[in-house]
Each structure stands twice: as C-alpha cells, then as structure tokens.
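Source file: my_file37.cif. Holds: mmCIF, C-alpha atoms.
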data_protein
loop_
_atom_site.label_atom_id
_atom_site.label_comp_id
_atom_site.auth_asym_id
_atom_site.auth_seq_id
_atom_site.Cartn_x
_atom_site.Cartn_y
_atom_site.Cartn_z
CA MET A 1 -29.70 21.71 -7.10
CA ALA A 2 -30.03 18.00 -6.40
CA ARG A 3 -32.15 16.97 -3.47
CA VAL A 4 -30.68 15.67 -0.21
CA VAL A 5 -32.39 12.85 1.66
CA ASN A 6 -32.77 12.66 5.43
CA GLN A 7 -31.99 8.98 5.85
CA GLU A 8 -33.32 8.92 9.39
CA THR A 9 -36.86 9.46 8.09
CA ALA A 10 -36.89 8.34 4.45
CA THR A 11 -35.94 5.45 2.22
CA VAL A 12 -33.52 6.35 -0.57
CA ARG A 13 -35.15 5.78 -3.94
CA VAL A 14 -32.72 4.63 -6.64
CA VAL A 15 -32.89 4.23 -10.41
CA VAL A 16 -30.24 2.11 -12.13
CA VAL A 17 -29.42 2.95 -15.76
CA ASP A 18 -27.35 0.31 -17.54
CA ASP A 19 -27.50 -1.35 -20.94
CA GLU A 20 -26.86 -4.86 -19.52
CA ALA A 21 -29.87 -6.64 -18.02
CA LEU A 22 -27.66 -8.82 -15.86
CA MET A 23 -25.90 -5.79 -14.37
CA ARG A 24 -29.24 -4.08 -13.68
CA ALA A 25 -30.50 -7.20 -11.91
CA GLY A 26 -27.32 -7.57 -9.87
CA LEU A 27 -27.29 -3.96 -8.73
CA SER A 28 -30.98 -4.14 -7.85
CA MET A 29 -30.37 -7.20 -5.71
CA ILE A 30 -27.38 -5.64 -3.93
CA LEU A 31 -29.03 -2.30 -3.21
CA GLY A 32 -32.38 -3.88 -2.37
CA SER A 33 -30.73 -5.90 0.39
CA ALA A 34 -30.30 -2.68 2.39
CA PRO A 35 -33.43 -1.78 4.37
CA ASP A 36 -33.05 1.94 3.68
CA LEU A 37 -32.53 1.66 -0.10
CA GLU A 38 -35.20 0.93 -2.71
CA VAL A 39 -34.53 0.41 -6.41
CA VAL A 40 -37.72 1.90 -7.87
CA ALA A 41 -36.80 1.27 -11.53
CA VAL A 42 -34.10 0.03 -13.88
CA CYS A 43 -33.69 0.92 -17.55
CA ASP A 44 -31.25 1.33 -20.42
CA GLY A 45 -29.80 4.62 -21.66
CA PRO A 46 -32.48 5.74 -24.13
CA ALA A 47 -35.19 5.31 -21.47
CA ALA A 48 -33.27 7.07 -18.72
CA LEU A 49 -34.86 10.51 -18.90
CA ASP A 50 -38.47 9.27 -19.06
CA THR A 51 -37.83 6.74 -16.29
CA VAL A 52 -36.35 9.34 -13.96
CA VAL A 53 -39.18 11.82 -14.66
CA ARG A 54 -41.77 9.12 -13.98
CA HIS A 55 -40.26 7.68 -10.79
CA ARG A 56 -38.57 10.78 -9.29
CA PRO A 57 -35.69 8.91 -7.60
CA ASP A 58 -33.31 10.44 -5.10
CA VAL A 59 -30.24 8.81 -6.66
CA VAL A 60 -29.47 7.66 -10.20
CA LEU A 61 -26.63 5.25 -10.94
CA LEU A 62 -25.78 5.97 -14.57
CA ASP A 63 -23.59 3.70 -16.67
CA ILE A 64 -21.10 5.56 -18.86
CA HIS A 65 -20.46 2.96 -21.55
CA MET A 66 -23.77 2.20 -23.28
CA PRO A 67 -24.03 1.39 -26.99
CA ASP A 68 -27.19 3.37 -27.77
CA VAL A 69 -26.39 6.53 -25.82
CA SER A 70 -23.43 7.53 -23.67
CA GLY A 71 -24.03 8.13 -20.01
CA LEU A 72 -22.08 11.36 -20.42
CA ALA A 73 -24.76 12.53 -22.88
CA VAL A 74 -27.58 11.58 -20.51
CA LEU A 75 -25.98 13.23 -17.47
CA PRO A 76 -26.63 16.91 -18.35
CA ARG A 77 -30.24 16.10 -19.25
CA LEU A 78 -30.83 14.57 -15.84
CA ARG A 79 -29.03 17.42 -14.08
CA ALA A 80 -31.28 19.93 -15.89
CA LEU A 81 -34.49 18.42 -14.50
CA PRO A 82 -36.44 20.39 -11.88
CA ASP A 83 -35.60 19.00 -8.44
CA ALA A 84 -32.93 16.88 -10.14
CA PRO A 85 -31.81 13.63 -8.55
CA VAL A 86 -28.26 13.02 -7.45
CA VAL A 87 -26.46 11.31 -10.32
CA ALA A 88 -23.38 9.13 -9.93
CA MET A 89 -21.56 7.58 -12.85
CA LEU A 90 -21.11 3.83 -12.90
CA SER A 91 -18.30 2.29 -14.90
CA ALA A 92 -16.09 -0.73 -15.28
CA PHE A 93 -13.11 1.57 -15.92
CA ALA A 94 -11.25 4.17 -13.87
CA SER A 95 -10.44 6.41 -16.84
CA ASP A 96 -9.20 9.92 -16.08
CA ASP A 97 -10.86 11.38 -19.20
CA PHE A 98 -14.26 10.02 -18.22
CA VAL A 99 -13.83 11.00 -14.56
CA TYR A 100 -12.98 14.63 -15.34
CA THR A 101 -15.78 15.03 -17.87
CA ALA A 102 -18.38 13.48 -15.58
CA LEU A 103 -17.44 15.53 -12.54
CA LEU A 104 -17.29 18.77 -14.53
CA ASP A 105 -20.76 18.03 -15.95
CA GLY A 106 -22.27 17.64 -12.50
CA ALA A 107 -21.89 14.00 -11.50
CA ALA A 108 -21.88 13.69 -7.72
CA GLY A 109 -19.69 10.59 -7.71
CA TYR A 110 -17.87 8.01 -9.80
CA LEU A 111 -18.36 4.38 -8.79
CA LEU A 112 -16.93 1.18 -10.23
CA LYS A 113 -18.98 -1.87 -11.11
CA ASP A 114 -16.58 -4.22 -9.37
CA SER A 115 -17.04 -2.45 -6.02
CA ASP A 116 -17.64 -4.58 -2.95
CA PRO A 117 -21.43 -4.78 -2.38
CA ALA A 118 -21.19 -3.31 1.12
CA GLN A 119 -19.08 -0.47 -0.22
CA LEU A 120 -21.59 0.23 -3.00
CA ILE A 121 -24.40 0.46 -0.44
CA ARG A 122 -22.36 2.90 1.63
CA GLU A 123 -21.62 5.00 -1.45
CA VAL A 124 -25.29 5.25 -2.43
CA ARG A 125 -26.19 6.27 1.12
CA ALA A 126 -23.45 8.90 0.98
CA LEU A 127 -24.77 10.23 -2.32
CA ALA A 128 -28.25 10.62 -0.86
CA THR A 129 -26.96 12.76 2.00
CA GLY A 130 -24.96 15.14 -0.18
CA SER A 131 -21.52 13.51 -0.13
CA ARG A 132 -19.50 12.98 -3.31
CA PRO A 133 -18.03 9.47 -3.15
CA LEU A 134 -15.30 8.29 -5.49
CA ALA A 135 -14.22 4.69 -5.90
CA PRO A 136 -10.78 4.16 -4.29
CA ALA A 137 -9.21 3.52 -7.69
CA VAL A 138 -10.63 6.80 -9.01
CA ALA A 139 -9.57 9.19 -6.24
CA PRO A 140 -5.85 9.27 -7.25
CA LEU A 141 -6.82 10.19 -10.82
CA VAL A 142 -8.80 13.18 -9.55
CA ILE A 143 -5.98 14.32 -7.25
CA ASP A 144 -3.29 13.90 -9.91
CA GLY A 145 -5.43 15.68 -12.45
CA TYR A 146 -6.05 18.57 -10.08
CA LEU A 147 -2.35 18.95 -9.41
CA ALA A 148 -1.46 18.74 -13.11
CA ARG A 149 -4.06 21.34 -14.02
CA GLY A 150 -2.81 23.54 -11.19
CA SER A 151 0.73 23.38 -12.53
CA ALA A 152 -0.39 24.14 -16.07
CA SER A 153 -2.46 27.08 -14.90
CA ALA A 154 0.44 28.43 -12.83
CA ALA A 155 2.80 28.14 -15.79
CA ARG A 156 0.38 30.08 -18.01
CA LYS A 157 0.12 32.87 -15.44
CA ALA A 158 3.88 33.02 -14.91
CA ALA A 159 4.39 33.27 -18.68
CA THR A 160 2.67 36.67 -18.63
CA LEU A 161 5.29 38.14 -16.28
CA SER A 162 8.41 40.10 -17.13
CA SER A 163 11.85 38.71 -16.26
CA ARG A 164 12.10 41.00 -13.24
CA GLU A 165 8.62 40.03 -12.02
CA ARG A 166 9.54 36.34 -12.29
CA GLU A 167 12.68 37.00 -10.26
CA VAL A 168 10.70 38.75 -7.55
CA LEU A 169 8.11 35.98 -7.47
CA ALA A 170 10.80 33.29 -7.24
CA LEU A 171 12.40 35.07 -4.29
CA VAL A 172 9.04 35.45 -2.58
CA ALA A 173 8.67 31.69 -2.94
CA ARG A 174 12.06 31.24 -1.26
CA GLY A 175 10.67 33.02 1.80
CA LEU A 176 12.66 36.24 1.50
CA THR A 177 11.36 39.50 2.90
CA ASN A 178 11.03 42.61 0.75
CA ALA A 179 14.28 43.98 2.18
CA GLU A 180 16.11 40.71 1.44
CA ILE A 181 14.73 40.60 -2.09
CA GLY A 182 15.87 44.20 -2.53
CA ARG A 183 19.43 43.28 -1.54
CA VAL A 184 19.49 40.35 -3.98
CA LEU A 185 18.11 42.39 -6.89
CA ASN A 186 19.65 45.74 -5.96
CA LEU A 187 16.23 47.33 -5.53
CA ALA A 188 14.80 49.56 -2.83
CA PRO A 189 12.47 47.69 -0.42
CA SER A 190 9.64 50.04 -1.39
CA THR A 191 10.11 49.07 -5.05
CA VAL A 192 10.01 45.38 -4.13
CA LYS A 193 6.85 46.00 -2.10
CA ASP A 194 5.23 47.56 -5.17
CA TYR A 195 6.27 44.58 -7.30
CA VAL A 196 4.85 42.08 -4.80
CA HIS A 197 1.61 44.02 -4.39
CA SER A 198 1.21 44.23 -8.17
CA LEU A 199 1.98 40.54 -8.68
CA ILE A 200 -0.54 39.39 -6.07
CA GLY A 201 -3.24 41.54 -7.65
CA ARG A 202 -2.49 40.64 -11.28
CA LEU A 203 -2.29 36.91 -10.60
CA GLY A 204 -5.55 36.85 -8.63
CA LEU A 205 -3.86 35.82 -5.38
CA ARG A 206 -4.61 36.77 -1.79
CA ASN A 207 -1.21 36.73 -0.10
CA ARG A 208 2.47 35.82 -0.33
CA VAL A 209 1.79 32.20 0.57
CA GLN A 210 -0.36 31.75 -2.52
CA ALA A 211 2.26 33.57 -4.56
CA ALA A 212 4.88 31.11 -3.32
CA VAL A 213 2.70 28.13 -4.22
CA LEU A 214 2.13 29.50 -7.72
CA ALA A 215 5.84 30.11 -8.22
CA ASP A 216 6.66 26.57 -7.14
CA ARG A 217 4.00 25.02 -9.40
CA ALA A 218 5.16 27.16 -12.32
CA GLY A 219 8.72 25.88 -11.90
CA LEU A 220 10.23 29.30 -11.12
CA LEU A 221 12.35 27.85 -8.32
CA ARG A 222 14.17 25.77 -10.92
CA GLU A 223 14.88 28.68 -13.28
CA GLU A 224 18.26 30.35 -13.55
CA PHE A 225 18.14 34.14 -13.48
CA PRO A 226 20.89 36.61 -14.39
CA PRO A 227 23.06 37.24 -11.31
CA HIS A 228 22.35 40.33 -9.22
CA GLY A 229 23.08 39.69 -5.61
CA GLU A 230 23.44 36.16 -4.24
CA PHE A 231 20.45 33.81 -4.29
CA PRO A 232 20.09 32.16 -0.88
CA PRO A 233 19.61 28.37 -0.94
CA HIS A 234 15.97 27.31 -1.35
CA GLY A 235 14.21 27.40 2.01
CA GLU A 236 16.78 29.72 3.62
CA ALA A 237 16.37 33.46 4.02
CA ALA A 238 19.16 35.85 3.18
CA THR A 239 21.16 37.15 6.10
#
Give the structure from the file, written as structure tokens.
Amino acid sequence: MARVVNQETATVRVVVVDDEALMRAGLSMILGSAPDLEVVAVCDGPAALDTVVRHRPDVVLLDIHMPDVSGLAVLPRLRALPDAPVVAMLSAFASDDFVYTALLDGAAGYLLKDSDPAQLIREVRALATGSRPLAPAVAPLVIDGYLARGSASAARKAATLSSREREVLALVARGLTNAEIGRVLNLAPSTVKDYVHSLIGRLGLRNRVQAAVLADRAGLLREEFPPHGEFPPHGEAAT
C-alpha cells in the first residue's frame, strides 16, 4: 500500500520521471515554488526504479510516453516496491486506453502536462494525502468507460437467462410487484417470488433495485416479449 503523507507536519517529496529535460525542469520549478513540496530528483524512464529506490519519494509523477521505456511498463515495478510511493501518470494526451490501463495497474491519478501550475500543485498535494485526482479532461473518459463496461457486463449476464427469466427481470425493472408480474405473465405470485429470488442470487445482486438497474443497462426494457397479459407503460405499475 502506498504511503500517505501528513501535510501538516511533513514536506511532500516528489520524483519526476520524464524523457524530456525541459519538461523535467519546468515541473521541478512549478512544484518547487510550493513551500510544502520538494522535488528530490528527476530522471528519465530507464532510471526511474533506481531513482525512486534511492530517494524514497512520497509521490512520483510518471510520464507515459517515453521512447526508451513506457511509463505503463514502469508503473507496476514502482507499485511493487516495499512502502511504495504514490504514482500518478503524466501525459500530454487524455486517451481512454491509457487512462484505463494506468488506473487498473495501480496509478493513483492521471494528470495532463498542460495543467495550470496551481492546479498541478493542488493535485500533487491531493495525491500525497490519499486522494485520486484526475485531470478535468480525463474524468469524463473514466465515467463513460465505467458506464460502458457496466452495460456490457449487464448484457453478458442477461444473456445467460431464459426467456421467462428475462421477462420477469424486465417487469421487476418496471417497478411491478410480484402479484402484478404474476397477472402479466399468468403466474402465481409465489412462482414469481421464486423467480425473483433466484435471479437476484444468480446475478450476484442484493435487491430488486440492483436487478432493475441491471435490466435497464442490459436493454431489457427495450425488448419485445411474447404477449401474456398487458405490459404497463414503463414507470407505471399495473393496476
């Protein structure tokens, strides 16, 4: 687990890893202007591991796009160190592929090189105290990716269900009670209860609300099922 700094009593020690000398110098100047931040070393990608071991920083700003070694290859090595530093990726690009890979591999944040200097200082401070800052241009990529993966996962789970189970799940998502679902599908309420209980367990859910969310993400509310009783309009319970 990466260390957390108490900024009331300690200066945050930073290592900057970037293949461009000018970028290293600029970041050092920006971060060094803050009284509570100290850039203890700068280096390129191949020297990153040795530099971090030698200087034991609290935070590492790690460039992704380096010609000799990718920051994504360096990241897991830094994260595997004893008392590992907090590592945030530094990039000129807000690329969803790079963001997802970095965050899944343990990066605590994803910052852009064109960030406002004051913002960059705030982000490094946040990293040192355990927060996980994302550049404003990156946050929508993470949210959209989460939603897309949630929909894909829901669709895969729904694909394992029988036609009747999908009908029951769709009606749960419409807010119908077991008795109302029974009237629509010509089933006894006890049978519907068994279906719902089984679906929640099989799909790894906790309650009907989660079942409804999964059904919506899987697109079941847009499916057409063979007629049984009358489907109430979406959002309205049967009467």
Using all atoms listed in the file, what does the table of region 49-113 of chain A residues within 10 Å of region 14-33 of chain A look like, with each row giving the shortest atom pair and its distance in Å to one decimal, sorted by chain and ascending number, as JSON lines?
{"residue": "A:Leu49", "atom": "CA", "partner": "A:Val17", "partner_atom": "CA", "distance": 9.8}
{"residue": "A:Thr51", "atom": "CA", "partner": "A:Val15", "partner_atom": "CA", "distance": 8.1}
{"residue": "A:Val52", "atom": "CA", "partner": "A:Val15", "partner_atom": "CA", "distance": 7.1}
{"residue": "A:His55", "atom": "CA", "partner": "A:Val15", "partner_atom": "CA", "distance": 8.1}
{"residue": "A:Arg56", "atom": "CA", "partner": "A:Val15", "partner_atom": "CA", "distance": 8.7}
{"residue": "A:Pro57", "atom": "CA", "partner": "A:Val14", "partner_atom": "CA", "distance": 5.3}
{"residue": "A:Asp58", "atom": "CA", "partner": "A:Val14", "partner_atom": "CA", "distance": 6.0}
{"residue": "A:Val59", "atom": "CA", "partner": "A:Val14", "partner_atom": "CA", "distance": 4.9}
{"residue": "A:Val60", "atom": "CA", "partner": "A:Val15", "partner_atom": "CA", "distance": 4.8}
{"residue": "A:Leu61", "atom": "CA", "partner": "A:Val16", "partner_atom": "CA", "distance": 4.9}
{"residue": "A:Leu62", "atom": "CA", "partner": "A:Val17", "partner_atom": "CA", "distance": 4.9}
{"residue": "A:Asp63", "atom": "CA", "partner": "A:Asp18", "partner_atom": "CA", "distance": 5.1}
{"residue": "A:Ile64", "atom": "CA", "partner": "A:Asp18", "partner_atom": "CA", "distance": 8.3}
{"residue": "A:His65", "atom": "CA", "partner": "A:Asp19", "partner_atom": "CA", "distance": 8.3}
{"residue": "A:Met66", "atom": "CA", "partner": "A:Asp19", "partner_atom": "CA", "distance": 5.7}
{"residue": "A:Pro67", "atom": "CA", "partner": "A:Asp19", "partner_atom": "CA", "distance": 7.5}
{"residue": "A:Asp68", "atom": "CA", "partner": "A:Asp19", "partner_atom": "CA", "distance": 8.3}
{"residue": "A:Val69", "atom": "CA", "partner": "A:Asp19", "partner_atom": "CA", "distance": 9.3}
{"residue": "A:Gly71", "atom": "CA", "partner": "A:Val17", "partner_atom": "CA", "distance": 8.6}
{"residue": "A:Pro85", "atom": "CA", "partner": "A:Val14", "partner_atom": "CA", "distance": 9.2}
{"residue": "A:Val86", "atom": "CA", "partner": "A:Val14", "partner_atom": "CA", "distance": 9.5}
{"residue": "A:Val87", "atom": "CA", "partner": "A:Val15", "partner_atom": "CA", "distance": 9.6}
{"residue": "A:Met89", "atom": "CA", "partner": "A:Val17", "partner_atom": "CA", "distance": 9.6}
{"residue": "A:Leu90", "atom": "CA", "partner": "A:Asp18", "partner_atom": "CA", "distance": 8.5}
{"residue": "A:Ser91", "atom": "CA", "partner": "A:Asp18", "partner_atom": "CA", "distance": 9.6}
{"residue": "A:Lys113", "atom": "CA", "partner": "A:Met23", "partner_atom": "CA", "distance": 8.6}
Between CA of Val213 (chain A) and CA of Arg132 (chain A) - distance in Å to one decimal:
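Taking CA of Arg132 (chain A) and CA of Val213 (chain A), their separation equals 26.9 Å.
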I'd like the neighbourhood of Ala179 (chain A) as a count of residues only, where a residue qualifies if any of its atoms comes within 7 Å (using all atoms listed in the file), though same-chain residues fewer than 3 positions away should be ignored.
3
Quick check, in Å to one decimal: how far apart do CA of Gly106 (chain A) and CA of Arg125 (chain A) lie?
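Taking CA of Gly106 (chain A) and CA of Arg125 (chain A), their separation equals 18.2 Å.
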Could you check the closest approach to Leu161 (chain A) for each of A:Ala107, A:Leu134, A:Leu220, A:Glu123 and tell me which residue wins, using all atoms listed in the file?
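Among A:Ala107, A:Leu134, A:Leu220, A:Glu123, it is A:Leu220 that comes nearest to Leu161 (chain A).
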Counting only C-alpha atoms, what is within 12 Å of Gly201 (chain A), bar same-chain residues fewer than 6 positions away, as a PyMOL selection string?
chain A and resi 194-195+207-208+210-211
Can you spit out the residues from that selection as a PDB file, in the coordinates of the input, using C-alpha atoms?
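Printed below is result_29.pdb as written:
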ATOM      1  CA  ASP A 194       5.230  47.560  -5.170  1.00  0.00           C
ATOM      2  CA  TYR A 195       6.270  44.580  -7.300  1.00  0.00           C
ATOM      3  CA  ASN A 207      -1.210  36.730  -0.100  1.00  0.00           C
ATOM      4  CA  ARG A 208       2.470  35.820  -0.330  1.00  0.00           C
ATOM      5  CA  GLN A 210      -0.360  31.750  -2.520  1.00  0.00           C
ATOM      6  CA  ALA A 211       2.260  33.570  -4.560  1.00  0.00           C
TER       7      ALA A 211
END
Please return as a PDB file with C-alpha atoms, in the frame of the given file every residue within 12 Å of (-34.6, 19.5, -14.3), taking into account all atoms listed in the file and the file's own coordinates.
ATOM      1  CA  MET A   1     -29.700  21.710  -7.100  1.00  0.00           C
ATOM      2  CA  ALA A   2     -30.030  18.000  -6.400  1.00  0.00           C
ATOM      3  CA  ARG A   3     -32.150  16.970  -3.470  1.00  0.00           C
ATOM      4  CA  LEU A  49     -34.860  10.510 -18.900  1.00  0.00           C
ATOM      5  CA  ASP A  50     -38.470   9.270 -19.060  1.00  0.00           C
ATOM      6  CA  VAL A  52     -36.350   9.340 -13.960  1.00  0.00           C
ATOM      7  CA  VAL A  53     -39.180  11.820 -14.660  1.00  0.00           C
ATOM      8  CA  ARG A  56     -38.570  10.780  -9.290  1.00  0.00           C
ATOM      9  CA  LEU A  75     -25.980  13.230 -17.470  1.00  0.00           C
ATOM     10  CA  PRO A  76     -26.630  16.910 -18.350  1.00  0.00           C
ATOM     11  CA  ARG A  77     -30.240  16.100 -19.250  1.00  0.00           C
ATOM     12  CA  LEU A  78     -30.830  14.570 -15.840  1.00  0.00           C
ATOM     13  CA  ARG A  79     -29.030  17.420 -14.080  1.00  0.00           C
ATOM     14  CA  ALA A  80     -31.280  19.930 -15.890  1.00  0.00           C
ATOM     15  CA  LEU A  81     -34.490  18.420 -14.500  1.00  0.00           C
ATOM     16  CA  PRO A  82     -36.440  20.390 -11.880  1.00  0.00           C
ATOM     17  CA  ASP A  83     -35.600  19.000  -8.440  1.00  0.00           C
ATOM     18  CA  ALA A  84     -32.930  16.880 -10.140  1.00  0.00           C
ATOM     19  CA  PRO A  85     -31.810  13.630  -8.550  1.00  0.00           C
ATOM     20  CA  VAL A  86     -28.260  13.020  -7.450  1.00  0.00           C
TER      21      VAL A  86
END
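Comparing A:Thr129, A:Leu104, A:Ala88, A:Leu72 by their smallest distance to Thr11 (chain A), the closest is A:Thr129 (using all atoms listed in the file).
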A:Arg122, A:Arg164, A:Arg217, A:Arg54: which is nearest Asn186 (chain A), counting all atoms listed in the file?
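The shortest atom-to-atom distance to Asn186 (chain A) comes from A:Arg164.
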Atom-to-atom span, CA of Lys193 (chain A) and CA of Ser153 (chain A), Å
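The value is 24.7 Å.
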